[in-house]
There are 2 protein chains.
Amino acid sequence: MQPGEKNKLKQLEKIRHSLAHLLALAVTEIFPEAKLGIGPAIDNGFYYDFDLKKLAENDLSKIEGRIREFIAVDLKFKKESLTWEEAKKIFKKQPYKLELLGELRKTKTPITIYKIYEKSPGQPLFTDLCAGPHIKSAKEIDPAGFKLSKIAGAYWRGDEKNTQMQRIYGLAFSSAGELKEYEEQTAEAERRDHRRLGAELGLFLISDEVGQGLPIYLPKGAMLFHLIMDFAFNTYLKNGYQPVATPHIASEKLWSRSGHLDFYKDSLYSSFGIENENYRLKPMNCPLHIQIYKNKTHSYRDLPIRYTEMGTVYRYERSGTLHGLTRVRGFTQDDAHIICAPEQMPEEIKRALKLTLYILTTFGFKDFEVTLSIRDPKKKSDFIGADKDWRMAEAALKYAMKETGLSSFKYDVGGAVFYGPKIDVKVKDAIGRKWQLSTIQFDFNLPHRFGMTYIDEKGEEKEPLMIHRALLGSIDRFMGVYIEHTAGAFPLWLAPAQISVMAISDKFSDYARKVAAELADNCFRLETTDANKTIGKRIREAELQKIPYIIVVGSKEKDNGTVNVRHYQRGQEGEMSLEKFIAKAKSEIEKKI
Amino acid sequence: MQPGEKNKLKQLEKIRHSLAHLLALAVTEIFPEAKLGIGPAIDNGFYYDFDLKKLAENDLSKIEGRIREFIAVDLKFKKESLTWEEAKKIFKKQPYKLELLGELRKTKTPITIYKIYEKSPGQPLFTDLCAGPHIKSAKEIDPAGFKLSKIAGAYWRGDEKNTQMQRIYGLAFSSAGELKEYEEQTAEAERRDHRRLGAELGLFLISDEVGQGLPIYLPKGAMLFHLIMDFAFNTYLKNGYQPVATPHIASEKLWSRSGHLDFYKDSLYSSFGIENENYRLKPMNCPLHIQIYKNKTHSYRDLPIRYTEMGTVYRYERSGTLHGLTRVRGFTQDDAHIICAPEQMPEEIKRALKLTLYILTTFGFKDFEVTLSIRDPKKKSDFIGADKDWRMAEAALKYAMKETGLSSFKYDVGGAVFYGPKIDVKVKDAIGRKWQLSTIQFDFNLPHRFGMTYIDEKGEEKEPLMIHRALLGSIDRFMGVYIEHTAGAFPLWLAPAQISVMAISDKFSDYARKVAAELADNCFRLETTDANKTIGKRIREAELQKIPYIIVVGSKEKDNGTVNVRHYQRGQEGEMSLEKFIAKAKSEIEKKI
């Protein structure tokens, strides 16, 4: 970030924070009985919490108008230090401020207030307990750069045992242009919200009767899921991976040995018994893949071994944090474990990283942000593995990134998993948001815990290295991200319904059916729309469903043995022979565009 | 069965039962301290339980020899009735017989014994408590038709709280030829045992650390599983089914509404809690598919709807009953639910049945045994649904069987599920054993319980009908059966490794690599054998792994740009161009032969 940009951000934060104070001033003017909570600056503006039950959405315009007047008359902000006793007097009618004051006293924090004046010195219009910083003068605020946005309930200090207060949110930016840009992006994000599109396009549902965080895939969603999974799975097989398949539950004997019962217990669901033995839903596939490795003796000639499984795992998430497909309680990973000799490790990481880029670019992602997470050298005891292992692993990961053209990675010191360092890849979506997807992780823990070995060239038993990697990450989460990235307009190879064929009138239904039959024979996925509706309505429906191709046939097409083609994004493509259309569409599928 | 055959079977049962008595006579002669349990005829012979700890496997030949002498001297069997007091005297030294006598007295059952004489009347050689019937004379036994086979432990009366006794098993048939045939079939079944082949061919393992009844698929097994599943899934999609995908766990709210918590509780695993709500592993997919149906309003024009899911379900089985892949605790069904209007039902059943035959014959099964399971008209209260529904359903099922050329079905009266009648299809495997695989079931229960509806032509709300169907049944079980059917020699389209390429010596390794690369480019699945071993060893290894094709290349093949082909079952196929081999193999895959 440039120094100028940094200063601008600091000023913006002051503006936001000052707007929160002006908001509180306006509210207490209009509703003198209002009890004040806190009012900080946030990412896109500010808020203030009031204990004021009567506050309603339609009060906002009046309050906002009053704030604009404060800006117009250029109110001033002024900081003062004072003693706890003085502060207590000032806030004697504000119980929440008194509670905060009590805590400041306990921690012996110096007490400061901010006063708002029309003219200083004199009687302030408003005084708030606050460490600042604030702007000096309300004129620093661009009145076109802010607006009050909504009221929401919020428990005092975020604790549901406390009073529920009324929180007024405001958006605030340096200028009207920036506010507009933000609002447009928000509207765009909303338009792309995969939960809304999931319902509109018939992709998935979440049912309270089944359970929160457990997506149920409707036919089109299940098809998309299948196509994504199939592509990943077949790509891995072509790249030297072997398929494996393991159960979704396993005895606690296994999770105890793997360490999950200790290190991962907060993510595990509770146990259930089968004939005096306790079982758990699997949170990870690794210990099961290790069973497969250990099923026979391995020689150095067998390595590297790469096991892949589209493995469904279950991990606990609090219901408040669940979100569509991107935060769920059960999901399918495009998982794999690579087991290799130490000298094979750098090349294996490189291969995995190259494969990551291939997979992600095939789905149309172009911008990546790569993070190398290492352990905090000051907290070595929180991590498993010897110094030399960590050095070797870090070097291998760096080598792989350099070789893959990803030299401009970020470090996340302390961000490693307890069992080893890792590379994480974020993608930037069509509207610039970043999403964590791929992960490639070293593991110094499991090979040792499970006593994995191989026989080296000299006939000696050695411990292999293990890498965990998931390139799409969770296919469910990936689908959520991908729906938002594409706004639900999937490329031909992934569209659950690829083509909708319709006749301009009943007279040409036979020809439309013939065309549809030929397309079906060529393995295209067809959408049928209700032939009783008008052609205009049917086209509109197919467009709402974001079907890539609409084929319309009428008298001319029937006579010429052709089809009239319209593409969802590229628009009208005109009349062409059915053969030409089939060849063209097949080539698009082949090229995955 | 012909009357003659029936008589022959009755006589064989007498022979088996009489051999059990002769066995007891021989044992008590050699070990006078032996305490006698029971000794019935069984399917392939007979057994007798003795409380005789010192009995050892190497005593069997002596005992068997003694029985042969009894046959040679033609001992006689004779039945007598007697009072309980008389019987008590005879068996005063046999505590187990006394226990049985006590029970006969309680139930006032008339008491009969069988005596064995060298010459009657006179002192019998042996007396047993027995209702018979027996043969009259030991000469009726063909001494070449029986043999003692093994000793096994068995709890008195099958209760593990009782004494463990020594059970001697014998095989017995009408002739030496029949015995030999039986032994050959048993050996053949053993040779085909999918548990043994599963280990030898690297298909699956069951790990105590993970849990009993939870198969873990090794790379080759996972590939076979994937290929079978993929074929079924794609076949269903081509036949008008829509894919869906649902979670493996669901809230008890769902299982309570569906009735599984009541009607199916013995098969359910215990619950586990997530945030004050209880969840269960899903035993069936149906209630989840119904959530999908109910997600929107349906018109008669949408019907029939056919949802398919390769759905993994978990059902409790006692550990004693678990068996390889054919009896497990978690398995994947090639499941589907067809929801249709009543008038569509007969055609839908017919389609499902035709699809069943297509799927099963594609896997090489030719003989089918079809059962129509209906309710017991005397126990209507055990079943849900009105009389007219059952009549309609039975008629639809019969119509479908007739139309599909399966008119010679069997009835199983009372064999219907509580929610409706069903068709079950058994296949006969390569050695004549029958296996239950496919099922097509009516459901009068769930549509009503879940309030499923559709809008008919008149705009009125109607309840649709629902069919459950799984054609392979459980893919895991199917794999077990299929391994035994093929003895692990899979056809090319399903073989996890299809081709093994090897050079006759190091000099031709380059050419072998080139051939392998071209085959890999053509999407064949290749097996690599250790190039350090001799060609003979490598061929032997590939044959033990039952790889369909072995390609050997040497000087001649390199010069001619050809390959030398050997098929696992058809043997040597000679030299041919690589192009010709590729075309030939592709055609075999295409034809699924």
# chains A, B, ... in the order shown; residues from 1 in each chain; ligands from 1

call {"tool": "residues_around", "arguments": {"residues": "Tyr358 (chain A)", "least_positions_apart": "4", "cutoff": "12 Å", "atoms": "only C-alpha atoms", "output": "ChimeraX atom specification"}}
result
/A:231-232,235-236,239,351-354,362-366,404,438,471-472

call {"tool": "interface_residues", "arguments": {"of": "chain B", "to": "chain A", "cutoff": "8 Å", "atoms": "only C-alpha atoms", "output": "PyMOL selection string"}}
result
chain B and resi 205+207+209-211+214-223+242-247+249-251+253-254+269-274+288+291-292+295+307+330

call {"tool": "select_by_dssp", "arguments": {"residues": "region 87-334 of chain B", "states": "alpha helix (DSSP H)", "output": "number ranges by chain"}}
result
B: 87-90, 95-106, 176-191, 194-200, 219-238, 252-258, 260-263, 286-293

call {"tool": "residues_around", "arguments": {"residues": "Val565 (chain A)", "least_positions_apart": "4", "cutoff": "8 Å", "atoms": "only C-alpha atoms", "output": "list of chain:residue names"}}
result
A:Tyr549, A:Ile550, A:Ile551, A:Val552, A:Gln572, A:Glu573, A:Gly574, A:Glu575, A:Met576

call {"tool": "select_by_dssp", "arguments": {"residues": "region 376-472 of chain B", "states": "strand (DSSP E)", "output": "JSON, numbers by chain"}}
result
{"B": [410, 411, 412, 413, 422, 423, 424, 425, 426, 427, 428, 434, 435, 436, 437, 438, 439, 440, 441, 442, 443, 454, 455, 461, 462, 465, 466, 467, 468, 469, 470, 471, 472]}

call {"tool": "write_last_selection", "arguments": {"atoms": "N, CA, C and O atoms", "output": "CSV table (one decimal), in the first residue's frame"}}
result
chain,number,residue,atom,x,y,z
B,410,LYS,N,-42.3,-66.6,-9.3
B,410,LYS,CA,-42.9,-67.3,-8.1
B,410,LYS,C,-43.6,-66.3,-7.3
B,410,LYS,O,-43.3,-65.1,-7.3
B,411,TYR,N,-44.6,-66.8,-6.5
B,411,TYR,CA,-45.3,-66.0,-5.5
B,411,TYR,C,-44.6,-66.2,-4.2
B,411,TYR,O,-44.2,-67.3,-3.8
B,412,ASP,N,-44.5,-65.1,-3.5
B,412,ASP,CA,-44.1,-65.2,-2.1
B,412,ASP,C,-45.2,-64.5,-1.3
B,412,ASP,O,-45.2,-63.3,-1.1
B,413,VAL,N,-46.1,-65.3,-0.8
B,413,VAL,CA,-47.3,-64.8,-0.1
B,413,VAL,C,-46.8,-64.4,1.3
B,413,VAL,O,-46.3,-65.2,2.0
B,422,LYS,N,-43.8,-56.2,-4.1
B,422,LYS,CA,-42.6,-56.0,-4.8
B,422,LYS,C,-42.2,-57.1,-5.7
B,422,LYS,O,-42.7,-58.2,-5.5
B,423,ILE,N,-41.3,-56.8,-6.6
B,423,ILE,CA,-40.7,-57.8,-7.5
B,423,ILE,C,-39.2,-57.9,-7.1
B,423,ILE,O,-38.5,-56.9,-7.0
B,424,ASP,N,-38.8,-59.1,-6.8
B,424,ASP,CA,-37.3,-59.3,-6.5
B,424,ASP,C,-36.7,-60.2,-7.7
B,424,ASP,O,-37.4,-61.1,-8.1
B,425,VAL,N,-35.5,-59.9,-8.0
B,425,VAL,CA,-34.9,-60.7,-9.1
B,425,VAL,C,-33.6,-61.3,-8.5
B,425,VAL,O,-32.7,-60.6,-8.0
B,426,LYS,N,-33.5,-62.6,-8.6
B,426,LYS,CA,-32.3,-63.3,-8.3
B,426,LYS,C,-31.6,-63.7,-9.6
B,426,LYS,O,-32.2,-64.0,-10.6
B,427,VAL,N,-30.2,-63.7,-9.5
B,427,VAL,CA,-29.5,-64.2,-10.7
B,427,VAL,C,-28.8,-65.5,-10.3
B,427,VAL,O,-28.5,-65.8,-9.1
B,428,LYS,N,-28.6,-66.3,-11.3
B,428,LYS,CA,-27.9,-67.6,-11.1
B,428,LYS,C,-26.4,-67.3,-11.6
B,428,LYS,O,-26.2,-66.8,-12.7
B,434,LYS,N,-27.7,-69.0,-6.5
B,434,LYS,CA,-28.7,-67.9,-6.8
B,434,LYS,C,-28.4,-66.8,-5.8
B,434,LYS,O,-28.1,-67.0,-4.6
B,435,TRP,N,-28.4,-65.6,-6.3
B,435,TRP,CA,-28.2,-64.4,-5.4
B,435,TRP,C,-29.3,-63.4,-5.7
B,435,TRP,O,-29.6,-63.0,-6.8
B,436,GLN,N,-29.8,-62.9,-4.6
B,436,GLN,CA,-30.9,-61.8,-4.7
B,436,GLN,C,-30.1,-60.5,-5.0
B,436,GLN,O,-29.2,-60.1,-4.2
B,437,LEU,N,-30.5,-59.8,-6.1
B,437,LEU,CA,-29.9,-58.5,-6.4
B,437,LEU,C,-31.0,-57.4,-6.5
B,437,LEU,O,-31.0,-56.5,-5.7
B,438,SER,N,-31.8,-57.5,-7.5
B,438,SER,CA,-32.6,-56.4,-7.8
B,438,SER,C,-34.0,-56.4,-7.1
B,438,SER,O,-34.5,-57.5,-6.8
B,439,THR,N,-34.5,-55.2,-6.8
B,439,THR,CA,-35.8,-55.1,-6.2
B,439,THR,C,-36.5,-53.9,-6.7
B,439,THR,O,-35.9,-52.9,-7.0
B,440,ILE,N,-37.8,-54.1,-7.0
B,440,ILE,CA,-38.7,-53.0,-7.4
B,440,ILE,C,-39.9,-53.1,-6.5
B,440,ILE,O,-40.6,-54.1,-6.5
B,441,GLN,N,-40.1,-52.0,-5.7
B,441,GLN,CA,-41.1,-52.0,-4.6
B,441,GLN,C,-42.1,-50.9,-4.7
B,441,GLN,O,-41.7,-49.7,-4.9
B,442,PHE,N,-43.3,-51.2,-4.5
B,442,PHE,CA,-44.4,-50.2,-4.4
B,442,PHE,C,-44.3,-49.6,-3.0
B,442,PHE,O,-43.9,-50.2,-2.1
B,443,ASP,N,-44.8,-48.3,-2.9
B,443,ASP,CA,-44.9,-47.7,-1.6
B,443,ASP,C,-46.2,-47.0,-1.4
B,443,ASP,O,-46.4,-45.9,-2.0
B,454,TYR,N,-49.6,-33.8,-6.5
B,454,TYR,CA,-49.4,-33.2,-7.9
B,454,TYR,C,-50.8,-32.6,-8.3
B,454,TYR,O,-51.8,-33.0,-7.7
B,455,ILE,N,-50.7,-31.7,-9.2
B,455,ILE,CA,-52.0,-31.1,-9.7
B,455,ILE,C,-52.4,-31.9,-11.0
B,455,ILE,O,-51.6,-31.9,-12.0
B,461,GLU,N,-55.7,-31.5,-6.6
B,461,GLU,CA,-54.5,-32.0,-5.9
B,461,GLU,C,-54.7,-33.5,-5.8
B,461,GLU,O,-55.7,-34.0,-5.3
B,462,LYS,N,-53.7,-34.3,-6.2
B,462,LYS,CA,-53.8,-35.7,-6.1
B,462,LYS,C,-52.5,-36.2,-5.4
B,462,LYS,O,-51.5,-35.6,-5.4
B,465,LEU,N,-48.1,-41.9,-6.9
B,465,LEU,CA,-47.6,-43.2,-6.4
B,465,LEU,C,-46.1,-43.2,-6.4
B,465,LEU,O,-45.5,-42.4,-7.2
B,466,MET,N,-45.5,-44.0,-5.6
B,466,MET,CA,-44.0,-44.0,-5.6
B,466,MET,C,-43.5,-45.5,-5.7
B,466,MET,O,-44.1,-46.4,-5.1
B,467,ILE,N,-42.4,-45.6,-6.5
B,467,ILE,CA,-41.7,-46.9,-6.6
B,467,ILE,C,-40.3,-46.7,-6.1
B,467,ILE,O,-39.6,-45.8,-6.5
B,468,HIS,N,-39.8,-47.6,-5.2
B,468,HIS,CA,-38.4,-47.7,-4.9
B,468,HIS,C,-37.8,-48.8,-5.8
B,468,HIS,O,-38.4,-49.8,-6.0
B,469,ARG,N,-36.6,-48.5,-6.3
B,469,ARG,CA,-36.0,-49.6,-7.1
B,469,ARG,C,-34.5,-49.5,-7.0
B,469,ARG,O,-33.9,-48.4,-7.1
B,470,ALA,N,-33.8,-50.6,-6.9
B,470,ALA,CA,-32.4,-50.7,-6.9
B,470,ALA,C,-32.1,-51.9,-7.7
B,470,ALA,O,-32.5,-53.0,-7.4
B,471,LEU,N,-31.4,-51.7,-8.9
B,471,LEU,CA,-31.3,-52.8,-9.8
B,471,LEU,C,-30.1,-53.7,-9.5
B,471,LEU,O,-30.1,-54.9,-9.6
B,472,LEU,N,-28.9,-53.1,-9.2
B,472,LEU,CA,-27.8,-53.9,-8.7
B,472,LEU,C,-28.0,-54.2,-7.3
B,472,LEU,O,-27.4,-55.1,-6.7

call {"tool": "residues_around", "arguments": {"residues": "Gly45 (chain B)", "least_positions_apart": "3", "cutoff": "10 Å", "atoms": "only C-alpha atoms", "output": "PDB file with N, CA and C atoms, in the first residue's frame"}}
result
ATOM      1  N   LEU B  12     -32.321 -89.917   1.307  1.00  0.00           N
ATOM      2  CA  LEU B  12     -31.008 -89.343   1.605  1.00  0.00           C
ATOM      3  C   LEU B  12     -31.001 -88.727   3.003  1.00  0.00           C
ATOM      4  N   GLU B  13     -32.115 -88.106   3.360  1.00  0.00           N
ATOM      5  CA  GLU B  13     -32.171 -87.509   4.692  1.00  0.00           C
ATOM      6  C   GLU B  13     -32.094 -88.595   5.761  1.00  0.00           C
ATOM      7  N   ILE B  15     -30.599 -91.505   5.424  1.00  0.00           N
ATOM      8  CA  ILE B  15     -29.208 -91.986   5.428  1.00  0.00           C
ATOM      9  C   ILE B  15     -28.333 -91.050   6.259  1.00  0.00           C
ATOM     10  N   ARG B  16     -28.501 -89.742   6.051  1.00  0.00           N
ATOM     11  CA  ARG B  16     -27.701 -88.757   6.784  1.00  0.00           C
ATOM     12  C   ARG B  16     -27.959 -88.850   8.289  1.00  0.00           C
ATOM     13  N   HIS B  17     -29.211 -88.916   8.627  1.00  0.00           N
ATOM     14  CA  HIS B  17     -29.575 -88.984  10.042  1.00  0.00           C
ATOM     15  C   HIS B  17     -29.029 -90.277  10.674  1.00  0.00           C
ATOM     16  N   LEU B  19     -26.439 -91.961   9.676  1.00  0.00           N
ATOM     17  CA  LEU B  19     -24.980 -91.842   9.788  1.00  0.00           C
ATOM     18  C   LEU B  19     -24.602 -91.089  11.068  1.00  0.00           C
ATOM     19  N   ALA B  20     -25.447 -90.108  11.459  1.00  0.00           N
ATOM     20  CA  ALA B  20     -25.185 -89.388  12.704  1.00  0.00           C
ATOM     21  C   ALA B  20     -25.214 -90.371  13.872  1.00  0.00           C
ATOM     22  N   PRO B  40     -28.318 -84.246  14.107  1.00  0.00           N
ATOM     23  CA  PRO B  40     -29.298 -84.214  13.017  1.00  0.00           C
ATOM     24  C   PRO B  40     -28.675 -84.385  11.626  1.00  0.00           C
ATOM     25  N   ALA B  41     -29.560 -84.598  10.636  1.00  0.00           N
ATOM     26  CA  ALA B  41     -29.162 -84.508   9.223  1.00  0.00           C
ATOM     27  C   ALA B  41     -29.130 -83.031   8.857  1.00  0.00           C
ATOM     28  N   ILE B  42     -28.196 -82.629   8.020  1.00  0.00           N
ATOM     29  CA  ILE B  42     -28.189 -81.253   7.513  1.00  0.00           C
ATOM     30  C   ILE B  42     -28.082 -81.283   5.985  1.00  0.00           C
ATOM     31  N   PHE B 146     -20.036 -91.149   1.674  1.00  0.00           N
ATOM     32  CA  PHE B 146     -19.938 -90.290   2.864  1.00  0.00           C
ATOM     33  C   PHE B 146     -18.493 -90.157   3.319  1.00  0.00           C
ATOM     34  N   LYS B 147     -18.235 -89.154   4.115  1.00  0.00           N
ATOM     35  CA  LYS B 147     -16.950 -88.984   4.800  1.00  0.00           C
ATOM     36  C   LYS B 147     -17.119 -88.013   5.961  1.00  0.00           C
ATOM     37  N   LEU B 148     -16.308 -88.211   6.987  1.00  0.00           N
ATOM     38  CA  LEU B 148     -16.308 -87.214   8.064  1.00  0.00           C
ATOM     39  C   LEU B 148     -15.465 -86.040   7.580  1.00  0.00           C
ATOM     40  N   SER B 149     -15.914 -84.816   7.818  1.00  0.00           N
ATOM     41  CA  SER B 149     -15.198 -83.681   7.219  1.00  0.00           C
ATOM     42  C   SER B 149     -14.420 -82.825   8.204  1.00  0.00           C
ATOM     43  N   TYR B 169     -18.586 -83.031  11.886  1.00  0.00           N
ATOM     44  CA  TYR B 169     -19.392 -82.914  10.676  1.00  0.00           C
ATOM     45  C   TYR B 169     -19.080 -84.043   9.716  1.00  0.00           C
ATOM     46  N   GLY B 170     -20.087 -84.524   9.011  1.00  0.00           N
ATOM     47  CA  GLY B 170     -19.869 -85.484   7.938  1.00  0.00           C
ATOM     48  C   GLY B 170     -20.602 -85.043   6.680  1.00  0.00           C
ATOM     49  N   LEU B 171     -20.016 -85.347   5.531  1.00  0.00           N
ATOM     50  CA  LEU B 171     -20.710 -85.138   4.266  1.00  0.00           C
ATOM     51  C   LEU B 171     -21.356 -86.463   3.891  1.00  0.00           C
ATOM     52  N   ALA B 172     -22.563 -86.422   3.326  1.00  0.00           N
ATOM     53  CA  ALA B 172     -23.185 -87.687   2.919  1.00  0.00           C
ATOM     54  C   ALA B 172     -24.105 -87.469   1.728  1.00  0.00           C
ATOM     55  N   PHE B 173     -23.894 -88.315   0.716  1.00  0.00           N
ATOM     56  CA  PHE B 173     -24.725 -88.263  -0.495  1.00  0.00           C
ATOM     57  C   PHE B 173     -25.111 -89.682  -0.888  1.00  0.00           C
ATOM     58  N   LEU B 179     -21.123 -87.201  -4.072  1.00  0.00           N
ATOM     59  CA  LEU B 179     -20.205 -86.628  -3.081  1.00  0.00           C
ATOM     60  C   LEU B 179     -19.091 -85.857  -3.769  1.00  0.00           C
TER      61      LEU B 179
END

call {"tool": "residues_around", "arguments": {"residues": "region 116-120 of chain B", "least_positions_apart": "3", "cutoff": "7 Å", "atoms": "only C-alpha atoms", "output": "PyMOL selection string"}}
result
chain B and resi 75-78+124-127

call {"tool": "residues_around", "arguments": {"residues": "Lys350 (chain B)", "least_positions_apart": "3", "cutoff": "12 Å", "atoms": "only C-alpha atoms", "output": "PyMOL selection string"}}
result
chain B and resi 344-347+353-357+395-406+423+440+467

call {"tool": "closest_residue", "arguments": {"among": "B:Gly561, B:Gly459, B:Pro447, B:Gly198", "to": "Gly259 (chain B)", "atoms": "only C-alpha atoms"}}
result
B:Pro447

call {"tool": "atom_distance", "arguments": {"atom1": "CA of Tyr114 (chain B)", "atom2": "CA of Glu80 (chain B)"}}
result
6.3 Å

call {"tool": "residues_around", "arguments": {"residues": "Ala416 (chain B)", "least_positions_apart": "3", "cutoff": "6 Å", "atoms": "only C-alpha atoms", "output": "ChimeraX atom specification"}}
result
/B:373-375,421

call {"tool": "atom_distance", "arguments": {"atom1": "CA of Gly122 (chain A)", "atom2": "CA of Leu52 (chain A)"}}
result
28.7 Å

call {"tool": "atom_distance", "arguments": {"atom1": "CA of Val73 (chain B)", "atom2": "CA of Gly39 (chain B)"}}
result
22.2 Å
